[in-house]
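Report on the following structure.
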Amino acid sequence: MEWFKALKDTDPEILDYIKAELERQRTGLEMIPSENFTSLAVMQAMGSVLTNKYSEGYPGKRYYGGNQVIDQLETAVAERAKRLFGVPYANVQPYSGSPANLAVYFATCEVGDVIMGLALTDGGHLTHGSNGSVTSRAWKSVPYHVDKDGRIDFDELRRLVDENRPKLIWVGFTAYPREFPFEEFGKIADESGAYLAADISHISGLVVGGVHKSPVDFVHIVTTTTHKTLRGPRGAVIMVTAKGLQKDPDLGRKIDKTIIPGMQGGPHNHTTAGIGVALLEASRPEFKAYAAQIVRNAKALGEALKKNGIKLVTGGTDTHLLLMDLTPIGVGLGVFASEALDEAGISVNKNTIPGDLSPFYPSGIRLGTPALTTRGMKEAEMEKIGEFIADVLKEIRNCELPKDKEARQAYIKQFKSDIKNNRNLARIRAQVAEFSGRFPLYPELELP
Ligand SMILES: *Cc1c(COP(=O)(O)O)cnc(C)c1O
C-alpha cells in the first residue's frame, strides 16, 4: 500500500503540510540538539491501529477490556527499557518529558517541599523548578547555578543543600555541554538524605551508546524523553534504580500510581510501540557507533567554530551539544543569530549563557549534532558547517540591541524583514540545501 494515499484522498491540505515539512527537513541542517530523525520503523509503529485502544491502568490491571495484546506490548517495551538502562523498574506511559518529571515530584514530595534544580538561565529545564513552570508554584524551588566557567558550582550546591534540606534534587540539564557529574551529586544527595533524580532527556542515547557515564549507580530515579538522542517517538520513560528501591522499596508503585490514576488517562499505545522499536534499535552495535559519532562530530564542530573565531561556553563539549557565546559580537544577539541562521536553512535555538541578564534577549546559541549524525555526516562535514555558521554570523555583526523596550521590538521587526532580502544569506541558503542534499533523508519515503 502506498504511504499516505488515504491521506491524500481524504485531506490533501494536511498532506501538503507534511510534504512541506519533509522538504524543510531534507533541505536544511537540523542542529537543534533536542531533535532527531526517527527511523521509518519507529514511524510505522506509531502510525498504527494501536492508537485506537484505551488501556488505563497497567498490564494485568486495566480498567478496560480488550487489552490482551496491549498488555504484552507494554510489558515487552518496559522490559526493553529495564534491560537497556540496567534498572529494576520502568514506566513507559508518560506522555512526554514534562509530565514524567511532574510524576517524580508527586511520587517523592508533598506540595510545598523544597526542591532543587539547575537554574533555567544556566542550562536547567523548565520542569526543574523554574519561575515560569508550575513546579515552582507547587514546590519551594531553590535553584543552583554554574560558575563563571560554565561548570556546576559545587561549593554553592553544597551550601544550598545544607541550608535548605531539599526533598528532591535534579541532576540533568538541557543546555550543558559537559559531562553530567552524577557521582558528585550522588554523594551530596546521600549526605543530605534527599531523593536524587537524573533527567537524562538530552543524553540518554549517549548513555546507552556507552559514550556518557550512566547515572544508574548514583541516583534513585532516572527520567528521559525518548525523542532526543535516543531517536524514538515523542514520549518519556521513568525508571527507578536499585539504589532507589533500597531507599524506598515502594518507589516504583508510587510512580505508577502517580501516572495513573494520578495524572494521566489512557497511555498512548502507538507511542509505546514506537519507543519499543527505538529501544531495540538503541541496543544494537550500530547505535553505539552512532552515539560515538555524535560526540566526535560535536567536538569537530566545536573546533571548526573556534577556528572561525566563535567563542564557546566552557570552550568546547563532552557531549552532543555546544553553546556559542555571542557576547564578543554583542550582548543579547541570540535572537538575531537564530533568525539569520534559520534564514540560511540552519535550525538552532537562542539560549541564555552563564551571566545572561535577560532570558528574552539571550546572548547564546545552542546547537548540536544528533540529527546531522543520523543523516550520516561526519567530521569533514562539521568543518564545512562551522564555516557556514561563521559566514551567517558575519551578517549580524553590525546589530546592536536597543536599550529601550519599544525600540527593541521595532528594531527586531526591521531586522527580520531585512534578512529576507539579504543576498549573502540567500547564497548560503542555496549552498546549505545543496550540501544537505548529499545526505538523503528518508530516501524511501515518496509522498503522493
Ligand atoms: C526536553 C527535556 C524535558 C521535557 O521534555 P518534553 O517532552 O518537551 O516535555 C525535560 N527535561 C529535560 C532535561 C529536557 O531536555
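Quick note on naming: the chains in the C-alpha cells go A, B, ... in the order shown, residues restart at 1 in each chain, and ligands are numbered from 1 in order of appearance.
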Let me have all residues with an atom within 9 Å of ligand 1, counting only C-alpha atoms and all ligand atoms, laid out as a PyMOL selection string. chain A and resi 34+95-101+123-128+171-175+198-203+223-228+234-236
So which bits of stretch 167-332 of chain A end up helix (DSSP H, G or I) when you DSSP the backbone, as a ChimeraX atom specification? /A:182-192,204-208,242-247,251-263,269-282,285-307,313-315
Residue neighbourhood A:Val111, 9 Å, only C-alpha atoms, exclusion window fewer than 3 positions, as a count of residues only:
6
Check stretch 204-284 of chain A with DSSP on the backbone and list each residue it calls strand (DSSP E or B), as a list in words.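 The strand (DSSP E or B) subset of stretch 204-284 of chain A is Ile221, Val222, Thr223, Thr224, Thr225, Ala236, Val237, Ile238, Met239 and Val240 of chain A.
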**Study point:** 12 Å contact set for A:Thr314, only C-alpha atoms, chain neighbours under 2 positions out, as a list in words
**Key:**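 In the requested format, the answer is Val146, Asp147, Lys148, Asp149, Gly150, Arg151, Ile152, Ala175, Tyr176, Pro177, Arg178, Glu179, Gly302, Lys306, Lys311, Leu312, Gly316, Thr317, Asp318, Leu321, Leu322, Leu323, Met324, Asp325, Ile353 and Pro354 of chain A.
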(Q) Give me, as an MDAnalysis selection string, all polymer residues having an atom no more than 12 Å from A:Ser347, counting only C-alpha atoms and skipping those fewer than 2 positions away in the same chain. (A) chainID A and resid 24:25 27:36 337:345 349:350 365:369 371:372 385 389 429 432
Contacts between stretch 253-269 of chain A and stretch 92-211 of chain A, please, where a residue of stretch 92-211 of chain A counts if it comes within 6 Å (with only C-alpha atoms); show its shortest atom pair and distance in Å to one decimal, rows by chain and ascending number, as CSV.
```
residue,atom,partner,partner_atom,distance
A:Gln93,CA,A:Pro267,CA,5.4
A:Ala103,CA,A:Thr258,CA,5.7
A:Ala107,CA,A:Ile255,CA,5.4
```
Could the residues in this selection be saved with N, CA and C atoms as a short mmCIF file (atom, residue, chain, number, x, y, z; two decimals), in the first residue's frame?
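What follows is the written file selection_30.cif:
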```
data_model
loop_
_atom_site.label_atom_id
_atom_site.label_comp_id
_atom_site.auth_asym_id
_atom_site.auth_seq_id
_atom_site.Cartn_x
_atom_site.Cartn_y
_atom_site.Cartn_z
N GLN A 93 4.74 4.88 30.28
CA GLN A 93 3.50 5.56 29.91
C GLN A 93 3.53 7.09 29.86
N ALA A 103 5.49 13.68 37.55
CA ALA A 103 5.16 12.46 38.30
C ALA A 103 6.23 12.16 39.35
N ALA A 107 5.53 11.69 43.36
CA ALA A 107 5.85 10.40 43.97
C ALA A 107 6.86 10.55 45.12
#
```
The residue from A:Ile188, A:Leu441, A:Leu333, A:Ala390 with the smallest atom-to-atom distance to A:Ser363, counting only C-alpha atoms, is A:Leu333
Would you mind reading off the distance between atom CA of A:Pro94 and atom CA of A:Leu279, one decimal, in Å?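 Interatomic distance here is 15.7 Å.
The shortest atom-to-atom distance to A:Val142, with only C-alpha atoms taken into account, belongs to A:Asn164 out of A:Gln72, A:Asn164, A:Thr352, A:Ser48.
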At a cut-off of 10 Å, using only C-alpha atoms, what residues contact A:Phe360? Leave out same-chain residues fewer than 4 positions from it and give the result as an mmCIF file with N, CA, C and O atoms, in the first residue's frame.
```cif
data_model
loop_
_atom_site.group_PDB
_atom_site.id
_atom_site.type_symbol
_atom_site.label_atom_id
_atom_site.label_comp_id
_atom_site.auth_asym_id
_atom_site.auth_seq_id
_atom_site.Cartn_x
_atom_site.Cartn_y
_atom_site.Cartn_z
ATOM 1 N N GLY A 332 23.081 40.061 23.923
ATOM 2 C CA GLY A 332 21.655 39.940 23.600
ATOM 3 C C GLY A 332 21.371 39.651 22.136
ATOM 4 O O GLY A 332 20.255 39.877 21.665
ATOM 5 N N GLY A 334 21.301 36.695 20.576
ATOM 6 C CA GLY A 334 20.840 35.336 20.278
ATOM 7 C C GLY A 334 19.678 35.305 19.298
ATOM 8 O O GLY A 334 19.638 34.469 18.391
ATOM 9 N N VAL A 335 18.729 36.232 19.481
ATOM 10 C CA VAL A 335 17.569 36.310 18.596
ATOM 11 C C VAL A 335 18.015 36.538 17.148
ATOM 12 O O VAL A 335 17.544 35.883 16.218
ATOM 13 N N LYS A 350 18.060 30.016 20.142
ATOM 14 C CA LYS A 350 18.704 31.007 21.011
ATOM 15 C C LYS A 350 18.672 30.472 22.427
ATOM 16 O O LYS A 350 17.776 29.716 22.794
ATOM 17 N N ASN A 351 19.655 30.821 23.223
ATOM 18 C CA ASN A 351 19.772 30.258 24.565
ATOM 19 C C ASN A 351 20.527 31.222 25.471
ATOM 20 O O ASN A 351 21.396 31.940 24.999
ATOM 21 N N THR A 352 20.153 31.210 26.736
ATOM 22 C CA THR A 352 20.937 32.010 27.677
ATOM 23 C C THR A 352 22.300 31.366 27.879
ATOM 24 O O THR A 352 22.468 30.158 27.699
ATOM 25 N N ASP A 356 23.995 35.763 31.635
ATOM 26 C CA ASP A 356 23.000 36.500 30.858
ATOM 27 C C ASP A 356 21.985 37.145 31.795
ATOM 28 O O ASP A 356 21.565 36.537 32.767
#
```
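With only C-alpha atoms as the basis for measurement, A:Phe415 is the residue among A:Tyr89, A:Phe415, A:Tyr442, A:Phe388 that approaches A:Glu400 most closely.
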A:Ile396 proximity check over A:Met116, A:Ala6, A:Ile329, A:Leu196, using only C-alpha atoms: winner is A:Ile329
Of A:Ser192, A:Ser204, A:Asn308, A:Gln409, the one nearest to A:Ala282 when counting only C-alpha atoms is A:Ser204
Could you name the residues that touch A:Gly209 at 12 Å or less, counting only C-alpha atoms, but leaving out those on the same chain fewer than 3 positions away, as a PyMOL selection string? chain A and resi 84-85+203-206+212-214+229-231+279+281-295+319
Expressed in Å, the length from atom CA of A:Asp190 to atom CA of A:Pro215 is 14.2 Å
Shortest interatomic distance to A:Met377 - which of A:Gly437, A:Pro402, A:Pro359, A:Gly47, counting only C-alpha atoms:
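Checking each of A:Gly437, A:Pro402, A:Pro359, A:Gly47 against A:Met377, counting only C-alpha atoms, the winner is A:Gly437.
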